[in-house]
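First comes the structure, then the notes that go with it.
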Amino acid sequence: MIRLGDGIYLCYLNGHRLKIIYKGNNICELYLENEYQGTAPFDYVKKKLGHLEKRWSTSKIQNYHFKELLSKFDQSI
């Protein structure tokens with residue numbers, strides 16, 4: 001999780017961008033791919049996202065590049 005100025009936190013988890021905006025009094029707003037999802041307790045969200053980042057090695061996840069399948073029968077004709 002990356003902390004930016006003005007209480008904004010960014011997290012890239014499992015191919016999704018999460019933005020957390022701290023509003024004060026332990027309340028934060030959650031955005032998934034820049035779409036508002038709701039509010040939640042900040043300490044709980046920060047603890048859970050930190051736990052997920054440590055548990056999932058998202059640096060090794062790669063997007064699948066589509067390859068057209070060709071059968072052996074098609075290649076022999």
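Here's how to read the names in the structure tokens: chain A, B, ... by the order shown, residue numbers from 1 in each chain, ligand numbers from 1 in the order shown.
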
Using DSSP secondary structure from the backbone, list all strand (DSSP E) positions within chain A, as a PDB file with N, CA, C and O atoms, in the first residue's frame.
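Result went into selection.pdb, see below:
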ATOM      1  N   ILE A   2       0.554   2.185  -0.852  1.00  0.00           N
ATOM      2  CA  ILE A   2       1.324   3.411  -0.992  1.00  0.00           C
ATOM      3  C   ILE A   2       0.520   4.566  -0.405  1.00  0.00           C
ATOM      4  O   ILE A   2      -0.654   4.728  -0.730  1.00  0.00           O
ATOM      5  N   ARG A   3       1.147   5.345   0.446  1.00  0.00           N
ATOM      6  CA  ARG A   3       0.482   6.501   1.042  1.00  0.00           C
ATOM      7  C   ARG A   3       0.861   7.755   0.272  1.00  0.00           C
ATOM      8  O   ARG A   3       2.030   8.096   0.138  1.00  0.00           O
ATOM      9  N   ILE A   8      -4.665   9.880   1.156  1.00  0.00           N
ATOM     10  CA  ILE A   8      -5.013   8.975   0.057  1.00  0.00           C
ATOM     11  C   ILE A   8      -4.024   7.818   0.045  1.00  0.00           C
ATOM     12  O   ILE A   8      -2.816   8.016   0.095  1.00  0.00           O
ATOM     13  N   TYR A   9      -4.544   6.611  -0.013  1.00  0.00           N
ATOM     14  CA  TYR A   9      -3.734   5.391  -0.062  1.00  0.00           C
ATOM     15  C   TYR A   9      -4.085   4.641  -1.335  1.00  0.00           C
ATOM     16  O   TYR A   9      -5.258   4.505  -1.681  1.00  0.00           O
ATOM     17  N   LEU A  10      -3.078   4.125  -2.034  1.00  0.00           N
ATOM     18  CA  LEU A  10      -3.282   3.332  -3.235  1.00  0.00           C
ATOM     19  C   LEU A  10      -2.761   1.923  -3.002  1.00  0.00           C
ATOM     20  O   LEU A  10      -1.729   1.719  -2.381  1.00  0.00           O
ATOM     21  N   CYS A  11      -3.490   0.971  -3.546  1.00  0.00           N
ATOM     22  CA  CYS A  11      -3.115  -0.428  -3.401  1.00  0.00           C
ATOM     23  C   CYS A  11      -3.423  -1.132  -4.710  1.00  0.00           C
ATOM     24  O   CYS A  11      -4.486  -0.925  -5.299  1.00  0.00           O
ATOM     25  N   TYR A  12      -2.512  -1.934  -5.193  1.00  0.00           N
ATOM     26  CA  TYR A  12      -2.710  -2.728  -6.395  1.00  0.00           C
ATOM     27  C   TYR A  12      -2.739  -4.189  -5.964  1.00  0.00           C
ATOM     28  O   TYR A  12      -1.729  -4.750  -5.573  1.00  0.00           O
ATOM     29  N   LEU A  13      -3.926  -4.780  -5.978  1.00  0.00           N
ATOM     30  CA  LEU A  13      -4.100  -6.114  -5.429  1.00  0.00           C
ATOM     31  C   LEU A  13      -4.814  -7.006  -6.426  1.00  0.00           C
ATOM     32  O   LEU A  13      -5.949  -6.713  -6.826  1.00  0.00           O
ATOM     33  N   HIS A  16      -6.293  -5.391  -9.518  1.00  0.00           N
ATOM     34  CA  HIS A  16      -7.262  -4.319  -9.314  1.00  0.00           C
ATOM     35  C   HIS A  16      -6.613  -3.178  -8.541  1.00  0.00           C
ATOM     36  O   HIS A  16      -5.829  -3.403  -7.641  1.00  0.00           O
ATOM     37  N   ARG A  17      -7.000  -1.946  -8.911  1.00  0.00           N
ATOM     38  CA  ARG A  17      -6.513  -0.767  -8.209  1.00  0.00           C
ATOM     39  C   ARG A  17      -7.530  -0.370  -7.147  1.00  0.00           C
ATOM     40  O   ARG A  17      -8.698  -0.156  -7.439  1.00  0.00           O
ATOM     41  N   LEU A  18      -7.074  -0.264  -5.921  1.00  0.00           N
ATOM     42  CA  LEU A  18      -7.910   0.186  -4.813  1.00  0.00           C
ATOM     43  C   LEU A  18      -7.408   1.538  -4.348  1.00  0.00           C
ATOM     44  O   LEU A  18      -6.200   1.741  -4.207  1.00  0.00           O
ATOM     45  N   LYS A  19      -8.334   2.449  -4.137  1.00  0.00           N
ATOM     46  CA  LYS A  19      -7.981   3.758  -3.589  1.00  0.00           C
ATOM     47  C   LYS A  19      -8.767   3.936  -2.306  1.00  0.00           C
ATOM     48  O   LYS A  19      -9.978   3.741  -2.271  1.00  0.00           O
ATOM     49  N   ILE A  20      -8.064   4.283  -1.240  1.00  0.00           N
ATOM     50  CA  ILE A  20      -8.676   4.503   0.071  1.00  0.00           C
ATOM     51  C   ILE A  20      -8.432   5.956   0.434  1.00  0.00           C
ATOM     52  O   ILE A  20      -7.288   6.419   0.412  1.00  0.00           O
ATOM     53  N   ILE A  21      -9.495   6.664   0.760  1.00  0.00           N
ATOM     54  CA  ILE A  21      -9.389   8.066   1.153  1.00  0.00           C
ATOM     55  C   ILE A  21      -9.819   8.182   2.604  1.00  0.00           C
ATOM     56  O   ILE A  21     -10.968   7.902   2.945  1.00  0.00           O
ATOM     57  N   TYR A  22      -8.873   8.585   3.456  1.00  0.00           N
ATOM     58  CA  TYR A  22      -9.144   8.733   4.887  1.00  0.00           C
ATOM     59  C   TYR A  22      -9.887  10.035   5.121  1.00  0.00           C
ATOM     60  O   TYR A  22      -9.448  11.103   4.728  1.00  0.00           O
ATOM     61  N   LYS A  23     -11.060   9.947   5.774  1.00  0.00           N
ATOM     62  CA  LYS A  23     -11.903  11.111   6.010  1.00  0.00           C
ATOM     63  C   LYS A  23     -11.798  11.656   7.427  1.00  0.00           C
ATOM     64  O   LYS A  23     -12.308  12.722   7.701  1.00  0.00           O
ATOM     65  N   GLY A  24     -11.178  10.933   8.347  1.00  0.00           N
ATOM     66  CA  GLY A  24     -11.093  11.353   9.743  1.00  0.00           C
ATOM     67  C   GLY A  24     -12.012  10.503  10.602  1.00  0.00           C
ATOM     68  O   GLY A  24     -12.906   9.817  10.093  1.00  0.00           O
ATOM     69  N   ILE A  27     -12.758   6.783   9.635  1.00  0.00           N
ATOM     70  CA  ILE A  27     -13.658   6.470   8.524  1.00  0.00           C
ATOM     71  C   ILE A  27     -12.902   6.707   7.224  1.00  0.00           C
ATOM     72  O   ILE A  27     -12.169   7.692   7.076  1.00  0.00           O
ATOM     73  N   CYS A  28     -13.099   5.803   6.264  1.00  0.00           N
ATOM     74  CA  CYS A  28     -12.484   5.981   4.954  1.00  0.00           C
ATOM     75  C   CYS A  28     -13.477   5.610   3.865  1.00  0.00           C
ATOM     76  O   CYS A  28     -14.433   4.873   4.099  1.00  0.00           O
ATOM     77  N   GLU A  29     -13.235   6.150   2.676  1.00  0.00           N
ATOM     78  CA  GLU A  29     -14.020   5.811   1.501  1.00  0.00           C
ATOM     79  C   GLU A  29     -13.204   4.848   0.645  1.00  0.00           C
ATOM     80  O   GLU A  29     -12.001   5.018   0.492  1.00  0.00           O
ATOM     81  N   LEU A  30     -13.870   3.856   0.075  1.00  0.00           N
ATOM     82  CA  LEU A  30     -13.206   2.847  -0.748  1.00  0.00           C
ATOM     83  C   LEU A  30     -13.609   3.022  -2.211  1.00  0.00           C
ATOM     84  O   LEU A  30     -14.792   3.172  -2.519  1.00  0.00           O
ATOM     85  N   TYR A  31     -12.609   2.987  -3.086  1.00  0.00           N
ATOM     86  CA  TYR A  31     -12.834   3.068  -4.522  1.00  0.00           C
ATOM     87  C   TYR A  31     -12.146   1.873  -5.178  1.00  0.00           C
ATOM     88  O   TYR A  31     -10.971   1.618  -4.939  1.00  0.00           O
ATOM     89  N   LEU A  32     -12.875   1.150  -5.998  1.00  0.00           N
ATOM     90  CA  LEU A  32     -12.326   0.028  -6.756  1.00  0.00           C
ATOM     91  C   LEU A  32     -12.360   0.425  -8.218  1.00  0.00           C
ATOM     92  O   LEU A  32     -13.438   0.642  -8.778  1.00  0.00           O
ATOM     93  N   GLU A  35     -14.295   3.554  -8.939  1.00  0.00           N
ATOM     94  CA  GLU A  35     -15.739   3.486  -8.725  1.00  0.00           C
ATOM     95  C   GLU A  35     -16.003   3.392  -7.225  1.00  0.00           C
ATOM     96  O   GLU A  35     -15.473   2.512  -6.555  1.00  0.00           O
ATOM     97  N   TYR A  36     -16.807   4.297  -6.718  1.00  0.00           N
ATOM     98  CA  TYR A  36     -17.080   4.370  -5.279  1.00  0.00           C
ATOM     99  C   TYR A  36     -17.772   3.091  -4.803  1.00  0.00           C
ATOM    100  O   TYR A  36     -18.750   2.634  -5.393  1.00  0.00           O
ATOM    101  N   GLN A  37     -17.244   2.495  -3.712  1.00  0.00           N
ATOM    102  CA  GLN A  37     -17.799   1.260  -3.169  1.00  0.00           C
ATOM    103  C   GLN A  37     -18.475   1.462  -1.813  1.00  0.00           C
ATOM    104  O   GLN A  37     -19.318   0.680  -1.440  1.00  0.00           O
ATOM    105  N   GLY A  38     -18.080   2.481  -1.056  1.00  0.00           N
ATOM    106  CA  GLY A  38     -18.692   2.737   0.237  1.00  0.00           C
ATOM    107  C   GLY A  38     -17.674   3.210   1.255  1.00  0.00           C
ATOM    108  O   GLY A  38     -16.537   3.526   0.929  1.00  0.00           O
ATOM    109  N   THR A  39     -18.121   3.246   2.527  1.00  0.00           N
ATOM    110  CA  THR A  39     -17.243   3.655   3.619  1.00  0.00           C
ATOM    111  C   THR A  39     -16.998   2.467   4.539  1.00  0.00           C
ATOM    112  O   THR A  39     -17.778   1.508   4.552  1.00  0.00           O
ATOM    113  N   ALA A  40     -15.913   2.566   5.298  1.00  0.00           N
ATOM    114  CA  ALA A  40     -15.534   1.480   6.213  1.00  0.00           C
ATOM    115  C   ALA A  40     -14.605   2.034   7.282  1.00  0.00           C
ATOM    116  O   ALA A  40     -14.057   3.127   7.125  1.00  0.00           O
ATOM    117  N   PRO A  41     -14.409   1.277   8.375  1.00  0.00           N
ATOM    118  CA  PRO A  41     -13.419   1.686   9.386  1.00  0.00           C
ATOM    119  C   PRO A  41     -12.002   1.609   8.799  1.00  0.00           C
ATOM    120  O   PRO A  41     -11.599   0.582   8.251  1.00  0.00           O
TER     121      PRO A  41
END

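Going from atom CA of A:Gly50 over to atom CA of A:Glu33, you cover 18.5 Å.
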
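Reported to one decimal place, the separation of atom CA of A:Asn26 from atom CA of A:Phe42 is 5.1 Å.
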
| query | Tell me, which residues of chain A carry DSSP helix (DSSP H, G or I), written as a PyMOL selection string? | reply | chain A and resi 5-7+42-55+58-60+72-76

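The interatomic distance for the pair atom CA of A:Lys47 and atom CA of A:Met1 works out to 10.6 Å.
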